[in-house]
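Here is structure-v4.cif, consisting of mmCIF, C-alpha atoms:
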data_input
loop_
_atom_site.group_PDB
_atom_site.id
_atom_site.type_symbol
_atom_site.label_atom_id
_atom_site.label_comp_id
_atom_site.auth_asym_id
_atom_site.auth_seq_id
_atom_site.Cartn_x
_atom_site.Cartn_y
_atom_site.Cartn_z
ATOM 1 C CA MET A 1 1.406 -127.200 -69.558
ATOM 2 C CA SER A 2 3.958 -129.785 -68.687
ATOM 3 C CA ARG A 3 6.890 -128.251 -66.826
ATOM 4 C CA PRO A 4 8.742 -130.726 -64.641
ATOM 5 C CA ASN A 5 9.233 -129.337 -61.120
ATOM 6 C CA ILE A 6 8.184 -125.804 -62.156
ATOM 7 C CA SER A 7 4.894 -124.698 -60.678
ATOM 8 C CA ASP A 8 2.828 -121.666 -61.637
ATOM 9 C CA ASP A 9 3.716 -120.153 -58.251
ATOM 10 C CA PHE A 10 7.424 -120.289 -59.115
ATOM 11 C CA ILE A 11 6.760 -118.572 -62.459
ATOM 12 C CA GLN A 12 4.717 -115.817 -60.829
ATOM 13 C CA TYR A 13 7.393 -115.299 -58.156
ATOM 14 C CA ALA A 14 10.152 -115.055 -60.772
ATOM 15 C CA MET A 15 8.226 -112.544 -62.871
ATOM 16 C CA ALA A 16 7.273 -110.410 -59.861
ATOM 17 C CA ASN A 17 10.753 -110.333 -58.295
ATOM 18 C CA SER A 18 13.004 -109.770 -61.287
ATOM 19 C CA LYS A 19 13.633 -107.077 -63.830
ATOM 20 C CA ALA A 20 12.269 -107.955 -67.273
ATOM 21 C CA VAL A 21 14.976 -107.859 -69.951
ATOM 22 C CA ARG A 22 14.460 -108.036 -73.723
ATOM 23 C CA ASP A 23 15.180 -111.395 -75.323
ATOM 24 C CA ARG A 24 17.945 -111.703 -77.912
ATOM 25 C CA ARG A 25 16.015 -113.910 -80.314
ATOM 26 C CA TRP A 26 12.469 -112.583 -80.123
ATOM 27 C CA ARG A 27 12.000 -108.817 -80.361
ATOM 28 C CA ASP A 28 8.685 -108.743 -78.526
ATOM 29 C CA ALA A 29 9.578 -111.237 -75.773
ATOM 30 C CA LEU A 30 10.968 -110.542 -72.308
ATOM 31 C CA ASN A 31 13.151 -112.600 -69.957
ATOM 32 C CA SER A 32 12.742 -112.772 -66.207
ATOM 33 C CA ILE A 33 15.529 -114.507 -64.302
ATOM 34 C CA CYS A 34 15.198 -114.969 -60.558
ATOM 35 C CA TRP A 35 16.823 -116.993 -57.806
ATOM 36 C CA LEU A 36 14.147 -118.913 -55.905
ATOM 37 C CA PRO A 37 15.059 -119.272 -52.231
ATOM 38 C CA GLN A 38 12.610 -122.180 -51.803
ATOM 39 C CA THR A 39 14.592 -124.347 -54.210
ATOM 40 C CA GLY A 40 18.056 -122.754 -54.238
ATOM 41 C CA ARG A 41 17.941 -122.617 -58.057
ATOM 42 C CA ARG A 42 17.567 -119.910 -60.702
ATOM 43 C CA LEU A 43 14.498 -119.904 -62.928
ATOM 44 C CA LYS A 44 14.310 -118.254 -66.355
ATOM 45 C CA VAL A 45 10.893 -117.345 -67.733
ATOM 46 C CA VAL A 46 10.497 -116.134 -71.319
ATOM 47 C CA HIS A 47 7.200 -114.313 -71.699
ATOM 48 C CA LYS A 48 5.385 -111.998 -74.077
ATOM 49 C CA PRO A 49 2.984 -109.251 -72.982
ATOM 50 C CA ILE A 50 -0.369 -109.375 -74.779
ATOM 51 C CA GLY A 51 -2.253 -106.145 -74.302
ATOM 52 C CA THR A 52 -2.100 -104.483 -70.905
ATOM 53 C CA GLU A 53 -3.261 -107.267 -68.595
ATOM 54 C CA LYS A 54 -2.348 -110.586 -70.235
ATOM 55 C CA ILE A 55 0.998 -112.353 -70.507
ATOM 56 C CA LYS A 56 1.821 -115.389 -72.631
ATOM 57 C CA ILE A 57 4.460 -117.717 -71.156
ATOM 58 C CA ILE A 58 6.679 -118.936 -73.989
ATOM 59 C CA THR A 59 8.921 -121.150 -71.878
ATOM 60 C CA ALA A 60 10.260 -121.578 -68.366
ATOM 61 C CA TYR A 61 13.319 -123.578 -67.346
ATOM 62 C CA TRP A 62 15.963 -123.939 -64.654
ATOM 63 C CA LEU A 63 19.414 -122.435 -65.173
ATOM 64 C CA GLU A 64 22.040 -124.782 -63.807
#
Structure re-expressed in structure tokens:
Amino acid sequence: MSRPNISDDFIQYAMANSKAVRDRRWRDALNSICWLPQTGRRLKVVHKPIGTEKIKIITAYWLE
């Protein structure tokens, strides 16, 4: 996937260190918003759980 300046490590960190909140637009999607101390920015990850062990990343972007 092409995400400028967003690595998979940042996405994993954001999902592990934030509380998942339901998305307003998609009923089955979750939002994880986390401040990343390495960059000094906040990252929002919209993801959808698939089964018990898999997660589909819908989008990830910086909140500025």
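Using all atoms listed in the file for every distance, the candidate list A:Ile6, A:Ile58, A:Ala14, A:Pro49 yields A:Ala14 as the residue closest to Ser32 in chain A.
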Q: Grab the CA of Pro4 in chain A to CA of Leu43 in chain A distance for me, in Å with one decimal place.
A: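 Here the two named atoms are 12.4 Å from each other.
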**Q.** Straight-line distance linking CA of Arg25 in chain A with CA of Glu53 in chain A, stated in Å to one decimal
**A.**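 If I compute the distance from CA of Arg25 in chain A to CA of Glu53 in chain A, I get 23.5 Å.
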Q | Counting all atoms listed in the file, the residue of A:Val45, A:Trp62, A:Trp26, A:Ile33 that sits nearest Ile11 in chain A | A | A:Val45
**Q.** Atom-to-atom span, CA of Lys54 in chain A and CA of Met15 in chain A, Å
**A.** 13.0 Å
